[in-house]
file final_7.cif (mmCIF, C-alpha atoms)
data_upload
#
loop_
_atom_site.group_PDB
_atom_site.id
_atom_site.type_symbol
_atom_site.label_atom_id
_atom_site.label_comp_id
_atom_site.auth_asym_id
_atom_site.auth_seq_id
_atom_site.Cartn_x
_atom_site.Cartn_y
_atom_site.Cartn_z
ATOM 1 C CA MET A 670 0.000 0.000 0.000
ATOM 2 C CA GLU A 671 2.846 2.375 0.816
ATOM 3 C CA SER A 672 4.301 1.806 -2.617
ATOM 4 C CA LEU A 673 0.994 2.839 -4.184
ATOM 5 C CA ARG A 674 0.886 5.964 -2.002
ATOM 6 C CA SER A 675 4.530 6.780 -2.571
ATOM 7 C CA GLU A 676 3.861 9.295 -5.349
ATOM 8 C CA SER A 677 3.027 11.824 -2.643
ATOM 9 C CA ILE A 678 6.620 11.767 -1.423
ATOM 10 C CA LEU A 679 8.405 10.938 -4.660
ATOM 11 C CA LEU A 680 6.939 13.910 -6.493
ATOM 12 C CA LYS A 681 8.136 16.318 -3.810
ATOM 13 C CA ASP A 682 11.189 18.324 -4.820
ATOM 14 C CA ASP A 683 12.728 17.572 -1.463
ATOM 15 C CA ASN A 684 11.865 14.180 0.012
ATOM 16 C CA ARG A 685 14.820 13.847 2.356
ATOM 17 C CA ASP A 686 12.426 13.702 5.331
ATOM 18 C CA HIS A 687 11.160 10.386 3.955
ATOM 19 C CA ILE A 688 14.057 8.800 2.108
ATOM 20 C CA ARG A 689 17.616 8.674 3.436
ATOM 21 C CA LEU A 690 20.488 7.822 1.119
ATOM 22 C CA ASN A 691 23.567 5.931 2.325
ATOM 23 C CA ILE A 692 25.685 5.698 -0.778
ATOM 24 C CA PRO A 693 29.474 5.244 -0.742
ATOM 25 C CA ASP A 694 31.597 7.834 -2.540
ATOM 26 C CA ASP A 695 32.575 5.565 -5.442
ATOM 27 C CA VAL A 696 28.931 4.813 -6.296
ATOM 28 C CA MET A 697 27.921 8.467 -5.826
ATOM 29 C CA GLN A 698 30.643 9.523 -8.258
ATOM 30 C CA VAL A 699 29.173 7.199 -10.889
ATOM 31 C CA LEU A 700 25.630 8.432 -10.208
ATOM 32 C CA GLN A 701 26.764 12.030 -10.623
ATOM 33 C CA ASN A 702 28.870 11.362 -13.713
ATOM 34 C CA PRO A 703 26.790 11.898 -16.899
ATOM 35 C CA ASP A 704 29.294 9.819 -18.859
ATOM 36 C CA LYS A 705 28.885 6.614 -16.877
ATOM 37 C CA GLY A 706 26.167 3.988 -16.665
ATOM 38 C CA LEU A 707 25.501 1.876 -13.574
ATOM 39 C CA ILE A 708 24.114 -1.590 -12.923
ATOM 40 C CA LEU A 709 22.078 -1.668 -9.715
ATOM 41 C CA ALA A 710 21.542 -5.204 -8.482
ATOM 42 C CA GLY A 711 18.999 -5.881 -5.810
ATOM 43 C CA GLY A 712 16.658 -8.466 -4.400
ATOM 44 C CA HIS A 713 12.953 -8.528 -3.616
ATOM 45 C CA PHE A 714 13.717 -6.880 -0.296
ATOM 46 C CA GLY A 715 12.146 -3.784 1.230
ATOM 47 C CA ASN A 716 10.673 -1.354 -1.264
ATOM 48 C CA TRP A 717 12.698 -1.648 -4.460
ATOM 49 C CA GLU A 718 10.191 0.482 -6.372
ATOM 50 C CA ILE A 719 10.860 3.495 -4.179
ATOM 51 C CA ALA A 720 14.610 3.020 -4.621
ATOM 52 C CA ALA A 721 14.211 2.907 -8.406
ATOM 53 C CA HIS A 722 12.167 6.087 -8.578
ATOM 54 C CA LYS A 723 14.336 7.958 -6.061
ATOM 55 C CA LEU A 724 17.628 7.061 -7.756
ATOM 56 C CA SER A 725 16.274 8.027 -11.166
ATOM 57 C CA GLU A 726 16.625 11.591 -9.895
ATOM 58 C CA PHE A 727 20.326 11.171 -10.713
ATOM 59 C CA LYS A 728 19.941 9.758 -14.233
ATOM 60 C CA PRO A 729 17.345 7.830 -16.260
ATOM 61 C CA MET A 730 16.814 4.310 -14.998
ATOM 62 C CA ALA A 731 15.364 1.225 -16.677
ATOM 63 C CA GLY A 732 14.159 -1.896 -14.929
ATOM 64 C CA ILE A 733 12.813 -5.165 -16.300
ATOM 65 C CA ALA A 734 9.183 -5.656 -15.348
ATOM 66 C CA ARG A 735 6.788 -8.432 -16.198
ATOM 67 C CA LYS A 736 3.056 -8.058 -16.638
ATOM 68 C CA MET A 737 1.124 -8.806 -13.447
ATOM 69 C CA ASN A 738 -0.989 -11.978 -13.447
ATOM 70 C CA ASN A 739 -3.852 -10.130 -11.771
ATOM 71 C CA PRO A 740 -5.433 -7.862 -14.438
ATOM 72 C CA TYR A 741 -6.748 -5.428 -11.807
ATOM 73 C CA VAL A 742 -3.281 -4.955 -10.312
ATOM 74 C CA GLU A 743 -1.820 -4.576 -13.807
ATOM 75 C CA LYS A 744 -4.413 -1.899 -14.633
ATOM 76 C CA LEU A 745 -3.633 -0.087 -11.394
ATOM 77 C CA ILE A 746 0.096 -0.142 -12.111
ATOM 78 C CA GLN A 747 -0.385 1.060 -15.682
ATOM 79 C CA SER A 748 -2.660 3.879 -14.547
ATOM 80 C CA ARG A 749 -0.012 5.380 -12.268
ATOM 81 C CA LYS A 750 1.873 8.337 -13.557
ATOM 82 C CA ALA A 751 5.454 7.913 -14.640
ATOM 83 C CA ARG A 752 7.578 9.193 -11.804
ATOM 84 C CA ARG A 753 10.914 10.868 -12.164
ATOM 85 C CA ARG A 754 12.914 9.152 -14.889
ATOM 86 C CA PHE A 755 12.246 5.467 -14.242
ATOM 87 C CA TYR A 756 10.872 3.405 -17.122
ATOM 88 C CA PRO A 757 10.157 -0.316 -17.398
ATOM 89 C CA ILE A 758 11.444 -2.674 -20.103
ATOM 90 C CA PRO A 759 8.938 -5.495 -20.682
ATOM 91 C CA LYS A 760 10.308 -8.852 -19.534
ATOM 92 C CA HIS A 761 9.951 -10.338 -22.995
ATOM 93 C CA GLY A 762 11.612 -7.336 -24.634
ATOM 94 C CA ASP A 763 14.858 -7.782 -22.732
ATOM 95 C CA HIS A 764 17.029 -8.387 -25.799
ATOM 96 C CA ALA A 765 20.705 -8.241 -24.831
ATOM 97 C CA GLY A 766 21.260 -5.291 -27.174
ATOM 98 C CA ARG A 767 18.392 -3.383 -25.532
ATOM 99 C CA LEU A 768 19.888 -3.884 -22.059
ATOM 100 C CA MET A 769 23.370 -2.976 -23.287
ATOM 101 C CA GLU A 770 21.988 0.143 -24.929
ATOM 102 C CA VAL A 771 20.678 1.352 -21.549
ATOM 103 C CA LEU A 772 24.199 1.070 -20.157
ATOM 104 C CA ASN A 773 25.974 2.419 -23.223
ATOM 105 C CA THR A 774 23.828 5.543 -23.032
ATOM 106 C CA ASN A 775 25.054 6.037 -19.454
ATOM 107 C CA GLN A 776 21.762 5.269 -17.774
ATOM 108 C CA ILE A 777 21.070 3.028 -14.780
ATOM 109 C CA LEU A 778 19.893 -0.536 -15.295
ATOM 110 C CA ALA A 779 18.163 -1.976 -12.224
ATOM 111 C CA LEU A 780 18.018 -5.765 -12.043
ATOM 112 C CA LEU A 781 16.471 -8.024 -9.413
ATOM 113 C CA PHE A 782 18.622 -11.141 -9.412
ATOM 114 C CA ASP A 783 16.970 -13.332 -6.785
ATOM 115 C CA GLN A 784 14.278 -15.279 -8.596
ATOM 116 C CA HIS A 785 14.605 -19.000 -9.252
ATOM 117 C CA ALA A 786 16.634 -19.153 -12.474
ATOM 118 C CA GLY A 787 16.088 -22.829 -13.261
ATOM 119 C CA GLU A 788 18.196 -24.185 -16.113
ATOM 120 C CA TYR A 789 19.386 -20.677 -17.077
ATOM 121 C CA GLY A 790 21.012 -20.089 -13.706
ATOM 122 C CA MET A 791 24.224 -20.927 -11.947
ATOM 123 C CA MET A 792 24.021 -22.836 -8.668
ATOM 124 C CA VAL A 793 25.362 -20.465 -6.020
ATOM 125 C CA ASP A 794 24.881 -20.722 -2.258
ATOM 126 C CA PHE A 795 22.100 -18.648 -0.764
ATOM 127 C CA PHE A 796 21.932 -18.981 3.028
ATOM 128 C CA GLY A 797 24.191 -22.021 2.778
ATOM 129 C CA HIS A 798 22.102 -23.906 0.221
ATOM 130 C CA PRO A 799 22.679 -23.981 -3.569
ATOM 131 C CA ALA A 800 20.149 -21.859 -5.443
ATOM 132 C CA ALA A 801 19.814 -21.401 -9.219
ATOM 133 C CA THR A 802 20.788 -17.748 -9.644
ATOM 134 C CA PHE A 803 20.328 -15.612 -12.781
ATOM 135 C CA LYS A 804 23.624 -14.794 -14.530
ATOM 136 C CA THR A 805 22.426 -11.766 -16.522
ATOM 137 C CA THR A 806 23.605 -9.175 -13.980
ATOM 138 C CA ALA A 807 27.103 -10.630 -13.886
ATOM 139 C CA MET A 808 27.288 -11.110 -17.658
ATOM 140 C CA LEU A 809 26.216 -7.529 -18.369
ATOM 141 C CA HIS A 810 28.892 -6.255 -15.984
ATOM 142 C CA LEU A 811 31.561 -8.462 -17.567
ATOM 143 C CA VAL A 812 30.627 -7.685 -21.162
ATOM 144 C CA THR A 813 29.952 -3.940 -20.884
ATOM 145 C CA ARG A 814 32.418 -3.184 -18.033
ATOM 146 C CA THR A 815 29.744 -0.963 -16.505
ATOM 147 C CA PRO A 816 30.183 -0.350 -12.752
ATOM 148 C CA LEU A 817 28.036 -2.628 -10.589
ATOM 149 C CA CYS A 818 26.787 -2.325 -7.023
ATOM 150 C CA TYR A 819 24.239 -3.942 -4.723
ATOM 151 C CA MET A 820 21.418 -1.809 -3.391
ATOM 152 C CA GLU A 821 18.612 -2.220 -0.866
ATOM 153 C CA CYS A 822 15.728 0.033 0.160
ATOM 154 C CA ILE A 823 14.695 -0.783 3.697
ATOM 155 C CA ARG A 824 11.484 0.484 5.316
ATOM 156 C CA THR A 825 12.334 2.156 8.619
ATOM 157 C CA GLY A 826 8.886 3.516 9.574
ATOM 158 C CA THR A 827 5.621 4.773 8.133
ATOM 159 C CA MET A 828 6.535 6.258 4.745
ATOM 160 C CA GLN A 829 10.166 6.236 5.871
ATOM 161 C CA PHE A 830 12.847 4.522 3.814
ATOM 162 C CA GLU A 831 16.601 4.110 3.786
ATOM 163 C CA ILE A 832 18.464 3.343 0.573
ATOM 164 C CA ASN A 833 21.795 1.614 1.206
ATOM 165 C CA SER A 834 24.358 0.747 -1.415
ATOM 166 C CA SER A 835 27.427 -1.440 -1.343
ATOM 167 C CA PRO A 836 30.640 0.048 -2.721
ATOM 168 C CA LEU A 837 31.264 -0.791 -6.385
ATOM 169 C CA ILE A 838 31.861 -4.493 -6.809
ATOM 170 C CA GLN A 839 35.406 -4.899 -8.099
ATOM 171 C CA LEU A 840 36.521 -8.064 -9.785
ATOM 172 C CA GLU A 841 40.000 -9.269 -10.597
ATOM 173 C CA PRO A 842 39.752 -10.449 -14.239
ATOM 174 C CA SER A 843 40.713 -14.106 -14.545
ATOM 175 C CA GLY A 844 39.737 -14.797 -18.156
ATOM 176 C CA ASN A 845 37.614 -17.654 -16.839
ATOM 177 C CA LYS A 846 33.967 -16.815 -17.383
ATOM 178 C CA GLU A 847 32.553 -19.334 -14.903
ATOM 179 C CA VAL A 848 34.897 -18.177 -12.137
ATOM 180 C CA GLU A 849 34.094 -14.504 -12.740
ATOM 181 C CA ILE A 850 30.332 -15.040 -12.872
ATOM 182 C CA ARG A 851 30.398 -17.176 -9.727
ATOM 183 C CA SER A 852 32.461 -14.599 -7.865
ATOM 184 C CA ILE A 853 29.967 -11.827 -8.677
ATOM 185 C CA LEU A 854 26.890 -13.909 -7.887
ATOM 186 C CA MET A 855 28.358 -15.100 -4.586
ATOM 187 C CA ARG A 856 28.982 -11.500 -3.612
ATOM 188 C CA LEU A 857 25.447 -10.449 -4.585
ATOM 189 C CA ASN A 858 23.831 -13.356 -2.740
ATOM 190 C CA LEU A 859 25.918 -12.509 0.329
ATOM 191 C CA GLU A 860 24.830 -8.873 0.200
ATOM 192 C CA LEU A 861 21.192 -9.948 -0.066
ATOM 193 C CA GLU A 862 21.592 -12.368 2.839
ATOM 194 C CA ASN A 863 22.939 -9.488 4.933
ATOM 195 C CA SER A 864 19.930 -7.349 4.022
ATOM 196 C CA ILE A 865 17.515 -10.121 4.948
ATOM 197 C CA ARG A 866 19.273 -10.809 8.259
ATOM 198 C CA LYS A 867 18.653 -7.169 9.228
ATOM 199 C CA ASP A 868 14.897 -7.664 8.833
ATOM 200 C CA PRO A 869 13.574 -10.991 7.460
ATOM 201 C CA THR A 870 10.016 -9.591 7.385
ATOM 202 C CA GLN A 871 10.964 -7.268 4.524
ATOM 203 C CA TYR A 872 11.930 -10.075 2.154
ATOM 204 C CA LEU A 873 9.491 -11.465 -0.383
ATOM 205 C CA TRP A 874 10.004 -15.121 0.428
ATOM 206 C CA GLY A 875 7.561 -16.380 -2.227
ATOM 207 C CA HIS A 876 10.171 -16.946 -4.931
ATOM 208 C CA ARG A 877 11.171 -20.408 -3.633
ATOM 209 C CA ARG A 878 14.910 -20.148 -4.316
ATOM 210 C CA TRP A 879 15.771 -23.717 -3.380
ATOM 211 C CA ARG A 880 13.520 -25.627 -5.762
ATOM 212 C CA ASP A 881 16.265 -27.819 -7.310
ATOM 213 C CA MET B 616 46.770 -14.654 -43.950
ATOM 214 C CA ASN B 617 44.544 -13.309 -46.750
ATOM 215 C CA GLU B 618 40.974 -12.006 -46.262
ATOM 216 C CA ASN B 619 39.353 -15.330 -47.126
ATOM 217 C CA GLN B 620 41.547 -17.240 -44.717
ATOM 218 C CA LYS B 621 40.852 -14.674 -41.973
ATOM 219 C CA GLU B 622 37.121 -15.002 -42.585
ATOM 220 C CA GLU B 623 37.325 -18.803 -42.458
ATOM 221 C CA SER B 624 39.328 -18.656 -39.252
ATOM 222 C CA ILE B 625 36.839 -16.330 -37.525
ATOM 223 C CA LEU B 626 33.928 -18.453 -38.710
ATOM 224 C CA ALA B 627 35.550 -21.561 -37.241
ATOM 225 C CA LYS B 628 36.063 -19.753 -33.918
ATOM 226 C CA LEU B 629 32.436 -18.609 -33.884
ATOM 227 C CA LYS B 630 31.293 -22.147 -34.557
ATOM 228 C CA ASP B 631 33.392 -23.484 -31.661
ATOM 229 C CA ILE B 632 32.018 -20.840 -29.292
ATOM 230 C CA LEU B 633 28.412 -21.341 -30.375
ATOM 231 C CA GLN B 634 28.579 -25.123 -30.198
ATOM 232 C CA GLU B 635 29.328 -24.754 -26.495
ATOM 233 C CA SER B 636 26.628 -22.115 -25.970
ATOM 234 C CA CYS B 637 23.921 -23.926 -27.954
ATOM 235 C CA PRO B 638 24.055 -27.629 -27.010
ATOM 236 C CA GLU B 639 20.448 -28.023 -28.134
ATOM 237 C CA VAL B 640 21.399 -27.391 -31.791
ATOM 238 C CA GLU B 641 22.204 -30.834 -33.203
ATOM 239 C CA ASP B 642 23.020 -30.192 -36.856
ATOM 240 C CA TRP B 643 25.941 -27.822 -37.489
ATOM 241 C CA SER B 644 26.634 -29.048 -41.047
ATOM 242 C CA SER B 645 24.980 -26.022 -42.695
ATOM 243 C CA PHE B 646 26.562 -23.473 -40.297
ATOM 244 C CA GLY B 647 27.902 -20.506 -42.223
ATOM 245 C CA PRO B 648 27.576 -16.763 -42.840
ATOM 246 C CA SER B 649 23.917 -17.122 -43.837
ATOM 247 C CA THR B 650 22.933 -18.896 -40.592
ATOM 248 C CA THR B 651 20.529 -16.576 -38.789
ATOM 249 C CA ILE B 652 20.697 -15.699 -35.096
ATOM 250 C CA GLU B 653 17.024 -16.634 -34.888
ATOM 251 C CA SER B 654 17.588 -20.139 -36.244
ATOM 252 C CA LEU B 655 20.145 -20.786 -33.487
ATOM 253 C CA GLY B 656 17.576 -19.693 -30.887
ATOM 254 C CA LEU B 657 20.004 -17.347 -29.149
ATOM 255 C CA ASP B 658 18.422 -15.675 -26.111
ATOM 256 C CA SER B 659 19.791 -12.621 -24.277
ATOM 257 C CA LEU B 660 21.990 -14.632 -21.966
ATOM 258 C CA THR B 661 23.487 -16.700 -24.778
ATOM 259 C CA ILE B 662 24.273 -13.528 -26.721
ATOM 260 C CA LEU B 663 26.045 -12.090 -23.651
ATOM 261 C CA ASP B 664 27.914 -15.388 -23.301
ATOM 262 C CA LEU B 665 28.884 -15.158 -26.954
ATOM 263 C CA LEU B 666 30.145 -11.566 -26.596
ATOM 264 C CA TYR B 667 32.251 -12.527 -23.579
ATOM 265 C CA ASP B 668 33.737 -15.504 -25.420
ATOM 266 C CA ILE B 669 34.383 -13.455 -28.569
ATOM 267 C CA GLU B 670 36.322 -10.897 -26.537
ATOM 268 C CA GLN B 671 38.351 -13.584 -24.770
ATOM 269 C CA GLU B 672 39.097 -15.411 -28.016
ATOM 270 C CA THR B 673 39.698 -12.481 -30.385
ATOM 271 C CA GLY B 674 40.273 -9.435 -28.149
ATOM 272 C CA VAL B 675 37.439 -7.614 -29.940
ATOM 273 C CA HIS B 676 34.988 -5.668 -27.747
ATOM 274 C CA VAL B 677 31.515 -5.471 -29.296
ATOM 275 C CA GLU B 678 29.347 -2.426 -28.501
ATOM 276 C CA ALA B 679 25.579 -2.406 -27.891
ATOM 277 C CA ASN B 680 24.793 -0.517 -31.099
ATOM 278 C CA GLU B 681 26.622 -3.269 -32.993
ATOM 279 C CA VAL B 682 24.812 -6.108 -31.214
ATOM 280 C CA VAL B 683 21.373 -4.834 -32.231
ATOM 281 C CA THR B 684 22.346 -5.025 -35.914
ATOM 282 C CA PHE B 685 23.234 -8.727 -35.779
ATOM 283 C CA GLN B 686 20.886 -10.783 -37.949
ATOM 284 C CA SER B 687 23.186 -13.554 -39.082
ATOM 285 C CA ILE B 688 26.550 -15.169 -38.387
ATOM 286 C CA GLY B 689 27.843 -13.305 -41.445
ATOM 287 C CA ASP B 690 27.097 -9.974 -39.703
ATOM 288 C CA ILE B 691 29.167 -10.995 -36.667
ATOM 289 C CA ASN B 692 31.903 -12.317 -38.917
ATOM 290 C CA LYS B 693 32.127 -9.051 -40.870
ATOM 291 C CA LEU B 694 32.288 -6.969 -37.689
ATOM 292 C CA LEU B 695 35.072 -9.104 -36.241
ATOM 293 C CA LEU B 696 37.011 -8.842 -39.496
ATOM 294 C CA VAL B 697 36.738 -5.044 -39.445
ATOM 295 C CA LYS B 698 37.421 -4.552 -35.722
ATOM 296 C CA GLY B 699 40.011 -7.278 -35.433
ATOM 297 C CA GLY B 700 42.058 -5.771 -38.213
#
call {"tool": "encode", "arguments": {"input": "final_7.cif", "output": "structure tokens"}}
result
Amino acid sequence: MESLRSESILLKDDNRDHIRLNIPDDVMQVLQNPDKGLILAGGHFGNWEIAAHKLSEFKPMAGIARKMNNPYVEKLIQSRKARRRFYPIPKHGDHAGRLMEVLNTNQILALLFDQHAGEYGMMVDFFGHPAATFKTTAMLHLVTRTPLCYMECIRTGTMQFEINSSPLIQLEPSGNKEVEIRSILMRLNLELENSIRKDPTQYLWGHRRWRD
Amino acid sequence: MNENQKEESILAKLKDILQESCPEVEDWSSFGPSTTIESLGLDSLTILDLLYDIEQETGVHVEANEVVTFQSIGDINKLLLVKGG
């Protein structure tokens, strides 16, 4: 419900009373640099929608969104005004070139990496158990060399949010694709675990990560 | 190495890379410049895989505006010939 009501704070010119930003210097430099794109990786934790709209104040941001199964919810979502500079890319329109174009034009690409990836994923530990994890985030970082960080938006009170970012995720190139992907996904899963440990009630547990 | 030999060499590399990325494709006998991306069933992730492998194998970095123009193996081949010198 808060997400639906969030326009009232997101459309304010100054919403610092509602949304606090904790962003390390290296990520802030990328956000403020018009010549750099950024990959924001996150999980279904807290209020990711608010984070997306808030951070699009820095530069345009795209996120992959699928159509809702419930037609009434879909209609409600479609009827909401576009806020700031966030725009969705339909899940079935996520051609690699389209995603790369977002980054090559120095925008932000927000990706939620924590759904069950099935046969397309790489098995990486999540809370100590192997979980099929999507590789797209890691592959986009490796192929485009766009800076990558993990981000969470935690609810701290009524219409109160805190956006926290990791520093940029740095990777020592090894020339071994599997090793590099695994290293990035392990780091992202670890960051998400840390978010969830802070407040397990803010995680959307419905994605059944350990199906295999 | 003349142009034809270069082209053959790149095509062979592409075939090696794609055979690993597309295990579901059984018949590679007609693989060549006219093979379409669509016929290989390449999804986003496989294309990213391919770009990573191309860069590792040939040192050529492919940009987004170049990826969206790919329709066939011949398109990739031509680009690698031009960018790879």
call {"tool": "closest_residue", "arguments": {"input": "final_7.cif", "among": "A:Arg814, A:Arg880, A:Lys846, A:His764", "to": "Leu657 in chain B", "atoms": "all atoms listed in the file"}}
result
A:His764
call {"tool": "residues_around", "arguments": {"input": "final_7.cif", "residues": "range 687-698 of chain B", "least_positions_apart": "5", "cutoff": "10 Å", "atoms": "all atoms listed in the file", "output": "number ranges by chain"}}
result
B: 618, 621-626, 628-630, 646-655, 669-670, 673-677, 681-682
call {"tool": "closest_atom_pairs", "arguments": {"input": "final_7.cif", "of": "chain A", "to": "chain B", "cutoff": "8 Å", "atoms": "only C-alpha atoms", "output": "tab-separated table"}}
result
residue	atom	partner	partner_atom	distance
A:Asp763	CA	B:Ser659	CA	7.1
A:His764	CA	B:Ser659	CA	5.3
A:Ala765	CA	B:Ser659	CA	4.5
A:Gly766	CA	B:Val683	CA	5.1
A:Arg767	CA	B:Val683	CA	7.5
A:Met769	CA	B:Ala679	CA	5.1
A:Glu770	CA	B:Ala679	CA	5.3
A:Asn773	CA	B:Ala679	CA	6.7
A:Lys804	CA	B:Leu660	CA	7.6
A:Thr805	CA	B:Leu660	CA	6.2
A:Met808	CA	B:Leu663	CA	6.2
A:Leu809	CA	B:Leu663	CA	7.0
A:Leu811	CA	B:Tyr667	CA	7.3
A:Val812	CA	B:Tyr667	CA	5.7
A:Thr813	CA	B:Glu678	CA	7.8
A:Gly844	CA	B:Gln671	CA	6.9
A:Lys846	CA	B:Tyr667	CA	7.7
call {"tool": "residues_around", "arguments": {"input": "final_7.cif", "residues": "range 753-759 of chain A", "least_positions_apart": "5", "cutoff": "12 Å", "atoms": "all atoms listed in the file", "output": "VMD selection string"}}
result
chain A and resid 676 678 to 682 718 to 737 746 to 747 764 to 765 767 to 768 770 to 771 776 to 780
call {"tool": "write_last_selection", "arguments": {"input": "final_7.cif", "atoms": "C-alpha atoms", "output": "CSV table (one decimal), in the coordinates of the input"}}
result
chain,number,residue,atom,x,y,z
A,676,GLU,CA,3.9,9.3,-5.3
A,678,ILE,CA,6.6,11.8,-1.4
A,679,LEU,CA,8.4,10.9,-4.7
A,680,LEU,CA,6.9,13.9,-6.5
A,681,LYS,CA,8.1,16.3,-3.8
A,682,ASP,CA,11.2,18.3,-4.8
A,718,GLU,CA,10.2,0.5,-6.4
A,719,ILE,CA,10.9,3.5,-4.2
A,720,ALA,CA,14.6,3.0,-4.6
A,721,ALA,CA,14.2,2.9,-8.4
A,722,HIS,CA,12.2,6.1,-8.6
A,723,LYS,CA,14.3,8.0,-6.1
A,724,LEU,CA,17.6,7.1,-7.8
A,725,SER,CA,16.3,8.0,-11.2
A,726,GLU,CA,16.6,11.6,-9.9
A,727,PHE,CA,20.3,11.2,-10.7
A,728,LYS,CA,19.9,9.8,-14.2
A,729,PRO,CA,17.3,7.8,-16.3
A,730,MET,CA,16.8,4.3,-15.0
A,731,ALA,CA,15.4,1.2,-16.7
A,732,GLY,CA,14.2,-1.9,-14.9
A,733,ILE,CA,12.8,-5.2,-16.3
A,734,ALA,CA,9.2,-5.7,-15.3
A,735,ARG,CA,6.8,-8.4,-16.2
A,736,LYS,CA,3.1,-8.1,-16.6
A,737,MET,CA,1.1,-8.8,-13.4
A,746,ILE,CA,0.1,-0.1,-12.1
A,747,GLN,CA,-0.4,1.1,-15.7
A,764,HIS,CA,17.0,-8.4,-25.8
A,765,ALA,CA,20.7,-8.2,-24.8
A,767,ARG,CA,18.4,-3.4,-25.5
A,768,LEU,CA,19.9,-3.9,-22.1
A,770,GLU,CA,22.0,0.1,-24.9
A,771,VAL,CA,20.7,1.4,-21.5
A,776,GLN,CA,21.8,5.3,-17.8
A,777,ILE,CA,21.1,3.0,-14.8
A,778,LEU,CA,19.9,-0.5,-15.3
A,779,ALA,CA,18.2,-2.0,-12.2
A,780,LEU,CA,18.0,-5.8,-12.0
call {"tool": "atom_distance", "arguments": {"input": "final_7.cif", "atom1": "CA of Tyr872 in chain A", "atom2": "CA of Ile823 in chain A"}}
result
9.8 Å
call {"tool": "atom_distance", "arguments": {"input": "final_7.cif", "atom1": "CA of Glu860 in chain A", "atom2": "CA of Thr827 in chain A"}}
result
24.9 Å
call {"tool": "resolve_selection", "arguments": {"input": "final_7.cif", "expression": "the PyMOL selection byres ((chain A and resi 792) around 9)", "output": "PDB file with C-alpha atoms, keeping the file's coordinate frame"}}
result
ATOM      1  CA  GLY A 790      21.012 -20.089 -13.706  1.00  0.00           C
ATOM      2  CA  MET A 791      24.224 -20.927 -11.947  1.00  0.00           C
ATOM      3  CA  VAL A 793      25.362 -20.465  -6.020  1.00  0.00           C
ATOM      4  CA  ASP A 794      24.881 -20.722  -2.258  1.00  0.00           C
ATOM      5  CA  PRO A 799      22.679 -23.981  -3.569  1.00  0.00           C
ATOM      6  CA  ALA A 800      20.149 -21.859  -5.443  1.00  0.00           C
ATOM      7  CA  ALA A 801      19.814 -21.401  -9.219  1.00  0.00           C
ATOM      8  CA  THR A 802      20.788 -17.748  -9.644  1.00  0.00           C
ATOM      9  CA  ARG A 851      30.398 -17.176  -9.727  1.00  0.00           C
TER      10      ARG A 851
END
call {"tool": "residues_near_point", "arguments": {"input": "final_7.cif", "point": "(17.3, -14.8, -7.5)", "cutoff": "10 Å", "atoms": "all atoms listed in the file", "output": "NGL selection string"}}
result
:A and (711-713 or 781-787 or 790 or 793 or 795 or 800-804 or 854 or 857-858 or 861 or 876-879)
call {"tool": "resolve_selection", "arguments": {"input": "final_7.cif", "expression": "the PyMOL selection byres ((chain A and resi 836-841) around 10)", "output": "ChimeraX atom specification"}}
result
/A:692-697,699,707-709,810-811,816-820,833-835,842-844,849-850,852-853,856-857
call {"tool": "atom_distance", "arguments": {"input": "final_7.cif", "atom1": "CA of Thr806 in chain A", "atom2": "CA of Asn845 in chain A"}}
result
16.6 Å
call {"tool": "resolve_selection", "arguments": {"input": "final_7.cif", "expression": "the PyMOL selection byres ((chain A and resi 831) around 7)", "output": "ChimeraX atom specification"}}
result
/A:688-690,822-825,830,832-833
